[in-house]
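Coordinates as given in my_file-v5.cif (mmCIF, C-alpha atoms):
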data_model
#
loop_
_atom_site.label_atom_id
_atom_site.label_comp_id
_atom_site.auth_asym_id
_atom_site.auth_seq_id
_atom_site.Cartn_x
_atom_site.Cartn_y
_atom_site.Cartn_z
CA MET A 843 -52.87 -26.31 -34.82
CA ALA A 844 -49.48 -27.23 -33.40
CA LEU A 845 -50.01 -30.87 -34.32
CA LEU A 846 -50.87 -29.92 -37.87
CA LEU A 847 -47.77 -27.72 -38.13
CA TRP A 848 -45.54 -30.55 -36.84
CA GLN A 849 -47.07 -32.97 -39.34
CA THR A 850 -46.41 -30.52 -42.18
CA LEU A 851 -42.80 -30.04 -41.02
CA LYS A 852 -42.19 -33.80 -40.90
CA GLU A 853 -43.49 -34.21 -44.42
CA ALA A 854 -41.36 -31.32 -45.68
CA ILE A 855 -38.20 -32.74 -44.06
CA HIS A 856 -38.81 -36.16 -45.57
CA ALA A 857 -39.68 -34.69 -48.98
CA TYR A 858 -36.57 -32.47 -49.23
CA THR A 859 -33.96 -34.62 -47.41
CA GLY A 860 -35.36 -38.14 -47.45
CA LEU A 861 -34.57 -38.31 -43.68
CA SER A 862 -36.78 -38.77 -40.70
CA PRO A 863 -37.16 -35.73 -38.37
CA VAL A 864 -35.09 -37.44 -35.64
CA VAL A 865 -32.17 -38.13 -37.97
CA PHE A 866 -32.45 -34.65 -39.50
CA PHE A 867 -32.30 -32.76 -36.18
CA THR A 868 -29.49 -35.01 -34.88
CA ALA A 869 -27.42 -34.29 -37.99
CA LEU A 870 -28.18 -30.58 -37.61
CA ALA A 871 -26.98 -30.58 -34.00
CA LEU A 872 -23.76 -32.42 -34.92
CA ALA A 873 -23.07 -30.01 -37.75
CA PHE A 874 -23.47 -27.04 -35.38
CA ALA A 875 -21.11 -28.61 -32.83
CA ILE A 876 -18.47 -29.31 -35.49
CA TYR A 877 -18.78 -25.71 -36.72
CA GLN A 878 -18.16 -24.36 -33.23
CA VAL A 879 -15.04 -26.50 -32.79
CA ILE A 880 -13.55 -25.62 -36.16
CA SER A 881 -14.31 -21.90 -35.81
CA GLY A 882 -12.50 -21.96 -32.45
CA TRP A 883 -9.35 -23.24 -34.12
CA PHE A 884 -9.30 -20.35 -36.57
CA ALA A 885 -10.36 -17.61 -34.15
CA SER A 886 -8.36 -14.39 -34.27
CA PRO A 887 -5.85 -13.96 -31.44
CA PHE A 888 -7.11 -10.42 -31.04
CA ASP A 889 -10.57 -11.62 -30.04
CA ASP A 890 -9.46 -12.19 -26.43
CA VAL A 891 -7.77 -8.80 -26.36
CA ARG A 892 -10.91 -7.09 -27.60
CA ARG A 893 -13.00 -9.05 -25.09
CA HIS A 894 -10.74 -7.94 -22.21
CA GLN A 895 -10.79 -4.35 -23.43
CA ARG A 896 -14.59 -4.37 -23.52
CA ALA A 897 -14.71 -5.87 -20.01
CA ARG A 898 -12.25 -3.26 -18.76
CA SER A 899 -14.14 -0.37 -20.31
CA SER A 900 -17.44 -1.60 -18.87
CA ALA A 901 -15.85 -1.95 -15.43
CA ALA A 902 -14.42 1.55 -15.71
CA GLU A 903 -17.85 2.88 -16.58
CA GLU A 904 -19.38 1.16 -13.55
CA GLU A 905 -16.76 2.54 -11.10
CA PRO A 906 -17.51 6.09 -9.98
CA PRO A 907 -14.78 8.67 -10.68
CA ILE A 908 -12.40 9.46 -7.82
CA PRO A 909 -13.45 12.82 -6.34
CA GLN A 910 -10.93 15.60 -5.83
CA PRO A 911 -9.48 15.78 -2.26
CA VAL A 912 -11.43 18.12 0.02
CA GLN A 913 -9.65 20.01 2.79
CA LEU A 914 -11.20 19.16 6.16
CA GLY A 915 -9.03 21.27 8.43
CA GLU A 916 -8.74 20.07 12.02
CA ILE A 917 -11.05 17.21 13.01
CA THR A 918 -11.24 14.86 15.99
CA GLU A 919 -10.37 11.17 16.00
CA GLU A 920 -14.06 10.39 16.34
CA ASP A 921 -14.82 12.37 13.16
CA LEU A 922 -11.98 10.61 11.32
CA LYS A 923 -13.67 7.25 11.94
CA HIS A 924 -16.49 8.26 9.57
CA TYR A 925 -14.00 8.15 6.66
CA ASP A 926 -13.06 4.47 6.90
CA GLY A 927 -14.54 3.57 3.49
CA SER A 928 -17.84 2.17 4.77
CA ASP A 929 -19.63 5.05 3.04
CA PRO A 930 -18.63 5.06 -0.67
CA GLN A 931 -19.86 8.65 -0.98
CA LYS A 932 -17.17 9.88 1.43
CA PRO A 933 -13.40 10.04 0.84
CA LEU A 934 -11.19 7.35 2.33
CA LEU A 935 -8.84 8.87 4.91
CA MET A 936 -6.10 7.79 7.30
CA ALA A 937 -3.56 9.65 9.38
CA ILE A 938 0.13 9.42 10.23
CA LYS A 939 1.50 11.51 13.10
CA HIS A 940 -1.71 13.57 13.21
CA GLN A 941 -1.54 14.44 9.47
CA ILE A 942 -4.61 13.22 7.53
CA TYR A 943 -4.15 11.85 4.00
CA ASP A 944 -6.76 11.15 1.33
CA VAL A 945 -6.10 7.55 0.18
CA THR A 946 -9.28 7.19 -1.88
CA GLN A 947 -7.25 6.34 -5.00
CA SER A 948 -5.91 3.24 -3.19
CA ARG A 949 -9.29 1.95 -2.06
CA MET A 950 -8.27 -1.59 -3.08
CA PHE A 951 -5.65 -1.52 -0.29
CA TYR A 952 -7.24 0.64 2.41
CA GLY A 953 -10.94 0.20 1.62
CA PRO A 954 -13.26 -2.47 3.03
CA GLY A 955 -11.85 -5.92 2.27
CA GLY A 956 -8.37 -4.55 1.52
CA PRO A 957 -5.20 -5.79 3.26
CA TYR A 958 -4.77 -2.50 5.17
CA ALA A 959 -8.45 -1.73 5.73
CA LEU A 960 -8.06 -1.67 9.53
CA PHE A 961 -5.81 1.45 9.22
CA ALA A 962 -8.52 3.49 7.44
CA GLY A 963 -10.31 6.14 9.46
CA LYS A 964 -7.59 6.10 12.12
CA ASP A 965 -4.22 7.55 13.03
CA ALA A 966 -2.39 4.23 13.09
CA SER A 967 1.14 5.60 13.41
CA ARG A 968 2.22 3.03 15.97
CA ALA A 969 0.85 0.10 13.95
CA LEU A 970 2.61 1.30 10.80
CA ALA A 971 5.90 1.73 12.65
CA LYS A 972 5.69 -1.80 14.06
CA MET A 973 3.93 -3.28 11.00
CA SER A 974 1.40 -4.57 13.46
CA PHE A 975 -2.21 -5.52 12.81
CA GLU A 976 -3.14 -5.74 16.48
CA GLU A 977 -5.97 -3.59 17.77
CA LYS A 978 -3.86 -2.18 20.63
CA ASP A 979 -1.37 -0.67 18.16
CA LEU A 980 -3.98 1.24 16.14
CA THR A 981 -3.07 4.54 17.80
CA TRP A 982 -1.12 7.72 17.18
CA ASP A 983 0.94 7.19 20.35
CA ILE A 984 4.50 6.31 19.28
CA SER A 985 6.14 6.60 22.68
CA GLY A 986 8.59 3.83 23.56
CA LEU A 987 9.37 2.85 19.98
CA GLY A 988 12.93 1.98 18.98
CA PRO A 989 15.04 3.75 16.32
CA PHE A 990 14.31 1.13 13.65
CA GLU A 991 10.55 1.44 14.21
CA LEU A 992 10.72 5.23 14.09
CA GLU A 993 12.69 5.01 10.85
CA ALA A 994 10.04 2.68 9.38
CA LEU A 995 7.34 5.18 10.36
CA GLN A 996 9.30 7.97 8.71
CA ASP A 997 9.44 5.93 5.49
CA TRP A 998 5.66 5.55 5.59
CA GLU A 999 5.29 9.28 6.16
CA TYR A 1000 7.53 10.15 3.18
CA LYS A 1001 5.59 7.72 0.99
CA PHE A 1002 2.22 9.19 1.94
CA LYS A 1003 3.41 12.79 1.50
CA SER A 1004 4.67 12.04 -1.99
CA LYS A 1005 1.64 10.02 -3.12
CA TYR A 1006 -1.45 11.35 -1.33
CA ALA A 1007 -2.92 14.78 -0.63
CA THR A 1008 -2.85 16.10 2.93
CA VAL A 1009 -6.40 17.17 3.78
CA GLY A 1010 -6.23 18.05 7.47
CA THR A 1011 -4.93 17.27 10.93
CA VAL A 1012 -6.23 15.26 13.87
CA LYS A 1013 -7.26 17.42 16.83
CA LEU A 1014 -5.97 16.07 20.13
CA THR A 1015 -7.57 16.46 23.52
CA VAL A 1016 -5.63 18.19 26.30
CA SER A 1017 -4.47 14.91 27.85
CA GLU A 1018 -3.50 13.52 24.43
CA ALA A 1019 -1.56 16.67 23.59
CA GLU A 1020 0.37 16.37 26.87
CA THR A 1021 1.18 12.74 26.09
CA ALA A 1022 2.37 13.68 22.60
CA SER A 1023 4.57 16.50 23.94
CA VAL A 1024 6.15 14.10 26.43
CA SER A 1025 6.78 11.31 23.91
CA GLU A 1026 8.40 13.52 21.24
CA PRO A 1027 11.19 14.88 23.47
CA ALA A 1028 11.75 11.35 24.75
CA GLU A 1029 12.38 10.16 21.19
CA THR A 1030 14.76 13.07 20.56
CA GLY A 1031 16.57 12.35 23.82
CA GLU A 1032 17.04 8.70 22.87
CA LYS A 1033 18.56 9.69 19.53
CA ASP A 1034 20.85 12.30 21.17
CA ALA A 1035 21.96 9.78 23.78
CA HIS A 1036 22.71 7.26 21.03
CA LEU A 1037 24.83 9.84 19.17
CA THR A 1038 26.63 10.88 22.36
CA LYS A 1039 27.57 7.25 23.04
CA GLN A 1040 28.94 6.91 19.51
CA GLU A 1041 30.98 10.12 19.88
CA SER A 1042 32.34 8.95 23.23
CA ALA A 1043 33.35 5.64 21.70
CA VAL A 1044 35.23 7.47 18.92
CA VAL A 1045 37.07 9.64 21.46
CA ASP A 1046 38.04 6.61 23.54
CA LYS A 1047 39.41 4.85 20.48
CA ASN A 1048 41.49 7.92 19.58
CA ASP A 1049 42.90 8.04 23.12
CA GLU A 1050 43.90 4.39 22.93
CA ALA A 1051 45.58 4.72 19.49
CA PRO A 1052 49.37 4.00 19.59
CA PRO A 1053 51.72 7.00 19.13
CA THR A 1054 52.95 7.62 15.60
CA GLU A 1055 56.60 7.92 14.55
CA ARG A 1056 56.26 11.71 14.44
CA ASP A 1057 55.04 11.76 18.08
CA VAL A 1058 58.12 9.74 19.14
CA LYS A 1059 60.53 12.12 17.38
CA ASN A 1060 58.88 15.15 18.97
CA GLU A 1061 59.34 13.60 22.38
#

Give the structure from this file in structure tokens form.
Amino acid sequence: MALLLWQTLKEAIHAYTGLSPVVFFTALALAFAIYQVISGWFASPFDDVRRHQRARSSAAEEEPPIPQPVQLGEITEEDLKHYDGSDPQKPLLMAIKHQIYDVTQSRMFYGPGGPYALFAGKDASRALAKMSFEEKDLTWDISGLGPFELEALQDWEYKFKSKYATVGTVKLTVSEAETASVSEPAETGEKDAHLTKQESAVVDKNDEAPPTERDVKNE
């Protein structure tokens, strides 16, 4: 049956075109290739835009909507680890100075594979202050940090408060709470000592200033 059909097709091609089947199909393939090239020259510049828009819309349909932040209250550090982005059904959380923020909307940065993924599910205050990616700095303990590092941490805190929702706090153990209470006064004391030194330096400079003309006349 197939052989008979092929024989009929060969006879029809030769009868209507005067060409052999090989020449006919070769010419047909060349014509199609030339058509593709020429149509590419005259393609609308909006075709790429429409193609990108379709790709974007399809990607948006595939991505699940970002859920509304849910208040968790006070949770432990161990509980916070469950919100590191490994479970896409759970929000993505991280903490700064015991305050927990929902960073689900920035999953590309803090989610798995992101540049800051190691901070997710943790209170990484020390690492943020030092801009460190070392495992030992992934802790809430900020004792012993310098004024520039504390200022950097404060900048991170302001950024997170303005951009992300606060959904809870990290519950500390008794020993951790004692450590935190010791480290905070130490930071305040360092700042006060720094200001006292500056004030003393100003007073010393005033004492060493030469007498003015009015002081000489009064004497």

Residue contacts of Glu919 (chain A) (10 Å, only C-alpha atoms) excluding same-chain residues fewer than 2 positions away, as number ranges by chain:
A: 916-917, 921-924, 937, 940, 963-965, 982, 1011-1015

Closest to Ile855 (chain A) among A:Ser881, A:Phe867, A:Val945, A:Lys978, using only C-alpha atoms?
A:Phe867

Would you write out, as a VMD selection string, every residue that the PyMOL selection byres ((chain A and resi 1002) around 12) captures in this file?
chain A and resid 935 to 939 941 to 945 948 970 995 to 1001 1003 to 1009

Would you kindly return, as a PyMOL selection string, each protein, DNA or RNA residue with an atom no farther than 9 Å from any atom of Asp926 (chain A), considering only C-alpha atoms and excluding same-chain residues fewer than 5 positions away?
chain A and resi 932-936+952-954+959-964

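If you look at CA of His856 (chain A) and CA of Met843 (chain A), they are 20.3 Å away from each other.
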
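Restricting the calculation to all atoms listed in the file, the smallest distance between Gly915 (chain A) and any of A:Gly956, A:Asp979, A:Gly1010, A:Leu846 is found for A:Gly1010.
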
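Across the structure, CA of Gln910 (chain A) and CA of Gln931 (chain A) are spaced 12.3 Å apart.
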
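CA of Leu851 (chain A) is positioned 13.7 Å from CA of Val865 (chain A).
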
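The protein and nucleic acid residues lying at most 9 Å from Lys972 (chain A) are Ser967, Asp979, Leu987, Glu991, Leu992, Ala994 and Leu995 of chain A, with all atoms listed in the file considered and sequence neighbours fewer than 5 positions away removed.
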